[in-house]
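All remarks here apply to the structure that follows.
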Amino acid sequence: MVRLKGAVVAITGASSGIGEATAMRFARRGSRLALGARRLDRLNAIAQRCRELGAPDVSTRRLDVARPADARAFVAAAIRDHERLDVLVNNAGLGWMGRFHEMPEDKTEELVATNLAGVIATTQAALPPMLERRRGVIINVASVLGFRAGPYSAVYSATKHAVVGLSHALRGELSGTGVKVCVVYPSSTRTEFFEHAEAPIGPVYSAEWVARLIVRTARFPRRDAIVIPYRFVHLTEPIFGGLVDHVLGELRRLGYPRLSGSGLPPRRP
Ligand SMILES: NC(=O)c1ccc[n+]([C@@H]2O[C@H](COP(=O)([O-])OP(=O)(O)OC[C@H]3O[C@@H](n4cnc5c(N)ncnc54)[C@H](OP(=O)(O)O)[C@@H]3O)[C@@H](O)[C@H]2O)c1
């Protein structure tokens with residue numbers, strides 16, 4: 001069990017949604033926080049609320065995880081400001097939904113740089129000091145789309161599958177070192193995320209609910225933290241996966257007629 005009171009916790013993407021709720025929840029536990037995101041004004045307001053909730057010290061830093069130098073500097077600043085790093089929550093991320101072949105190139109690059117390369121850069125920066133202390137927890141916020149890919153979210157699903165693969169490989173690589181790597185798989189969660197994606201299919205959770213799962217995972221670092229109904233989907237995936245691909249595709253096309261057809265202009269006779 002990891003003691004969270006006084007633990008130094010760095011959270012990427014803490015300016016809204018799951019990251020914001022996670023910061024608040026660690027604050028209630030008396031953790032010391034390093035918060036990063038691009039919107040520094042929002043981050044500073046959240047930092048103040050975290051102090052009021054009980055976080056003994058909170059630092060903020062403008063962070064674009066898509067820039068590896070930025071990501072490394074965020075981790076270095078967290079360690080400089082708080083003397084060590086106990087928990088890293090790689091939460092920053094964004095989605096895009098639509099036909100794969102219509103996805104703009106710059107969006108593809110942004111998703112890969114933020115959702116995957118960002119996780120790689122912060123984790124590579126955090127590992128040497130954690131390994132030296134022989135302790136630390138890295139929590140990667142993936143998605144249920146990290147094991148059950150979503151039609152019309154191909155690149156997003158690919159980045160989250162990659163995060164899961166990275167995390168599991170690293171967990172094995174680090175076994176016996178005292179450093180744990182965990183994956184949290186939120187399903188649809190009420191946040192600003194859906195300002196950039198179509199409405200979710202299935203139950204919708206609150207950001208606070210996911211934050212509770214993340215904080216529990218930091219206390220009891222398990223390999224995979226999956227919400228119950230999706231744990232079942234995860235188990236049945238090898239048997240029913242092909243069928244689910246079709247069902248989800250149909251549900252999307254029914255809900256969003258603009259996704260029907262190929263999106264290509266009709267062929268000339
Ligand atoms: N909401 C869902 O249904 C859902 C489901 C499964 C997984 N997730 C995952 O949960 C995580 C959090 O998403 P959310 O739902 O809380 O969405 P959100 O409210 O849009 O929050 C995303 C956070 O990531 C930050 N961010 C985005 N790009 C960034 C960048 N380049 N550098 C640094 N920070 C960046 C944003 O801050 P700035 O804009 O200020 O930089 C914001 O704080 C994401 O990894 C997402 O993939 C969400």
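Chain lettering (A, B, ...) mirrors the order of the structure tokens, residue numbering begins at 1 for each chain separately, and ligand numbering begins at 1 in order of display.
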Exercise for review: Would you kindly return, as a ChimeraX atom specification, each protein, DNA or RNA residue with an atom no farther than 10 Å from any atom of Phe220 in chain A, considering only C-alpha atoms and excluding same-chain residues fewer than 6 positions away?
Suggested key: /A:1-3,137,182,214
Keeping only C-alpha atoms, write the selected residues to a file as a short mmCIF file (atom, residue, chain, number, x, y, z; two decimals), in the first residue's frame.
data_model
loop_
_atom_site.label_atom_id
_atom_site.label_comp_id
_atom_site.auth_asym_id
_atom_site.auth_seq_id
_atom_site.Cartn_x
_atom_site.Cartn_y
_atom_site.Cartn_z
CA MET A 1 0.00 0.00 0.00
CA VAL A 2 1.27 3.49 -0.87
CA ARG A 3 0.75 6.23 1.72
CA VAL A 137 3.89 4.49 -9.17
CA CYS A 182 -0.65 0.71 -13.77
CA ILE A 214 -7.09 6.58 -10.08
#
**Study point:** Nearby residues (only C-alpha atoms) at most 6 Å from range 155-166 of chain A, same-chain spacing under 5 positions excluded, as a PyMOL selection string
**Key:** chain A and resi 95+116+142+145-146+149
Export of prior selection with N, CA and C atoms as a short mmCIF file (atom, residue, chain, number, x, y, z; two decimals), in the first residue's frame:
data_model
loop_
_atom_site.label_atom_id
_atom_site.label_comp_id
_atom_site.auth_asym_id
_atom_site.auth_seq_id
_atom_site.Cartn_x
_atom_site.Cartn_y
_atom_site.Cartn_z
N GLY A 95 -9.32 13.32 -28.01
CA GLY A 95 -9.91 12.38 -28.96
C GLY A 95 -10.27 13.05 -30.27
N LEU A 116 0.31 9.35 -26.91
CA LEU A 116 1.33 8.31 -26.81
C LEU A 116 2.72 8.88 -26.53
N ALA A 142 -5.58 5.26 -19.82
CA ALA A 142 -5.84 4.82 -21.20
C ALA A 142 -7.32 5.05 -21.47
N LEU A 145 -11.30 1.98 -24.82
CA LEU A 145 -10.94 1.83 -26.25
C LEU A 145 -9.49 1.35 -26.39
N GLY A 146 -8.79 1.20 -25.28
CA GLY A 146 -7.45 0.63 -25.27
C GLY A 146 -7.47 -0.89 -25.35
N ALA A 149 -11.48 -1.54 -29.34
CA ALA A 149 -11.35 -0.40 -30.26
C ALA A 149 -12.72 0.09 -30.72
#
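Using only C-alpha atoms and all ligand atoms for every distance, the candidate list A:Pro200, A:Gly150, A:Pro229, A:Pro104 yields A:Pro200 as the residue closest to ligand 1.
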Interface rows for chain A against ligand 1: nearest pair, Å to one decimal, 7 Å, only C-alpha atoms and all ligand atoms, as CSV:
residue,atom,partner,partner_atom_place_in_ligand_line,distance
A:Thr12,CA,ligand 1,34 (N),5.9
A:Gly13,CA,ligand 1,43 (O),3.4
A:Ala14,CA,ligand 1,43 (O),4.5
A:Ser15,CA,ligand 1,43 (O),3.8
A:Ser16,CA,ligand 1,43 (O),4.3
A:Gly17,CA,ligand 1,16 (O),3.4
A:Ile18,CA,ligand 1,16 (O),3.7
A:Gly19,CA,ligand 1,16 (O),5.6
A:Glu20,CA,ligand 1,43 (O),7.0
A:Gly36,CA,ligand 1,33 (C),6.6
A:Ala37,CA,ligand 1,34 (N),4.0
A:Arg38,CA,ligand 1,41 (O),3.5
A:Arg39,CA,ligand 1,40 (O),3.7
A:Leu40,CA,ligand 1,40 (O),6.9
A:Leu63,CA,ligand 1,33 (C),5.1
A:Asp64,CA,ligand 1,32 (N),3.4
A:Val65,CA,ligand 1,32 (N),4.0
A:Ala66,CA,ligand 1,31 (N),4.8
A:Asn91,CA,ligand 1,45 (O),4.6
A:Ala92,CA,ligand 1,24 (O),3.5
A:Gly93,CA,ligand 1,45 (O),3.5
A:Leu94,CA,ligand 1,47 (O),5.1
A:Gly95,CA,ligand 1,47 (O),6.2
A:Thr114,CA,ligand 1,31 (N),5.0
A:Asn115,CA,ligand 1,45 (O),6.4
A:Val141,CA,ligand 1,45 (O),5.5
A:Ala142,CA,ligand 1,7 (C),5.6
A:Ser143,CA,ligand 1,6 (C),3.9
A:Val144,CA,ligand 1,6 (C),6.3
A:Tyr185,CA,ligand 1,6 (C),6.4
A:Pro186,CA,ligand 1,6 (C),4.3
A:Ser187,CA,ligand 1,5 (C),4.5
A:Ser188,CA,ligand 1,3 (O),3.4
A:Thr189,CA,ligand 1,3 (O),3.7
A:Arg190,CA,ligand 1,1 (N),5.7
A:Thr191,CA,ligand 1,19 (O),4.5
A:Glu192,CA,ligand 1,19 (O),4.0
A:Phe193,CA,ligand 1,20 (O),3.8
A:Phe194,CA,ligand 1,1 (N),6.6
A:Ala207,CA,ligand 1,16 (O),6.8
May I have the selected residues written with C-alpha atoms, as a PDB file, in the first residue's frame?
ATOM      1  CA  THR A  12      -0.627  15.881 -16.626  1.00  0.00           C
ATOM      2  CA  GLY A  13      -3.784  17.381 -18.092  1.00  0.00           C
ATOM      3  CA  ALA A  14      -4.960  18.654 -14.705  1.00  0.00           C
ATOM      4  CA  SER A  15      -6.780  21.717 -16.066  1.00  0.00           C
ATOM      5  CA  SER A  16     -10.144  19.975 -16.607  1.00  0.00           C
ATOM      6  CA  GLY A  17     -12.164  16.771 -16.420  1.00  0.00           C
ATOM      7  CA  ILE A  18     -10.560  13.654 -15.003  1.00  0.00           C
ATOM      8  CA  GLY A  19      -7.210  15.358 -14.313  1.00  0.00           C
ATOM      9  CA  GLU A  20      -8.847  18.180 -12.364  1.00  0.00           C
ATOM     10  CA  GLY A  36       0.588  20.490 -15.703  1.00  0.00           C
ATOM     11  CA  ALA A  37      -1.507  21.498 -18.744  1.00  0.00           C
ATOM     12  CA  ARG A  38      -1.479  24.150 -21.451  1.00  0.00           C
ATOM     13  CA  ARG A  39      -4.128  26.402 -19.831  1.00  0.00           C
ATOM     14  CA  LEU A  40      -2.146  27.844 -16.952  1.00  0.00           C
ATOM     15  CA  LEU A  63       2.875  21.918 -20.187  1.00  0.00           C
ATOM     16  CA  ASP A  64       2.379  20.678 -23.706  1.00  0.00           C
ATOM     17  CA  VAL A  65       3.078  16.944 -23.447  1.00  0.00           C
ATOM     18  CA  ALA A  66       3.228  16.762 -27.239  1.00  0.00           C
ATOM     19  CA  ASN A  91      -3.702  11.750 -17.951  1.00  0.00           C
ATOM     20  CA  ALA A  92      -3.370  14.414 -20.690  1.00  0.00           C
ATOM     21  CA  GLY A  93      -5.134  13.296 -23.819  1.00  0.00           C
ATOM     22  CA  LEU A  94      -7.623  14.140 -26.517  1.00  0.00           C
ATOM     23  CA  GLY A  95      -9.909  12.375 -28.957  1.00  0.00           C
ATOM     24  CA  THR A 114      -0.231  13.837 -27.013  1.00  0.00           C
ATOM     25  CA  ASN A 115      -1.750  10.462 -26.170  1.00  0.00           C
ATOM     26  CA  VAL A 141      -4.920   6.857 -18.124  1.00  0.00           C
ATOM     27  CA  ALA A 142      -5.841   4.816 -21.203  1.00  0.00           C
ATOM     28  CA  SER A 143      -9.478   4.087 -22.100  1.00  0.00           C
ATOM     29  CA  VAL A 144     -11.758   1.110 -22.594  1.00  0.00           C
ATOM     30  CA  TYR A 185      -9.347   2.431 -18.322  1.00  0.00           C
ATOM     31  CA  PRO A 186     -12.112   5.040 -18.098  1.00  0.00           C
ATOM     32  CA  SER A 187     -15.179   4.473 -20.209  1.00  0.00           C
ATOM     33  CA  SER A 188     -17.406   7.387 -21.252  1.00  0.00           C
ATOM     34  CA  THR A 189     -16.912  10.155 -18.726  1.00  0.00           C
ATOM     35  CA  ARG A 190     -18.692  13.511 -18.496  1.00  0.00           C
ATOM     36  CA  THR A 191     -15.893  15.994 -19.334  1.00  0.00           C
ATOM     37  CA  GLU A 192     -14.857  18.483 -22.009  1.00  0.00           C
ATOM     38  CA  PHE A 193     -13.549  15.468 -23.954  1.00  0.00           C
ATOM     39  CA  PHE A 194     -16.857  15.138 -25.805  1.00  0.00           C
ATOM     40  CA  ALA A 207     -14.950  12.590 -13.620  1.00  0.00           C
TER      41      ALA A 207
END
Review point. Residues at most 12 Å from His246 in chain A, counting only C-alpha atoms, excluding those fewer than 4 positions away in the same chain, as JSON, numbers by chain?
Key: {"A": [149, 150, 151, 152, 240, 241, 242, 250, 251, 252, 253]}
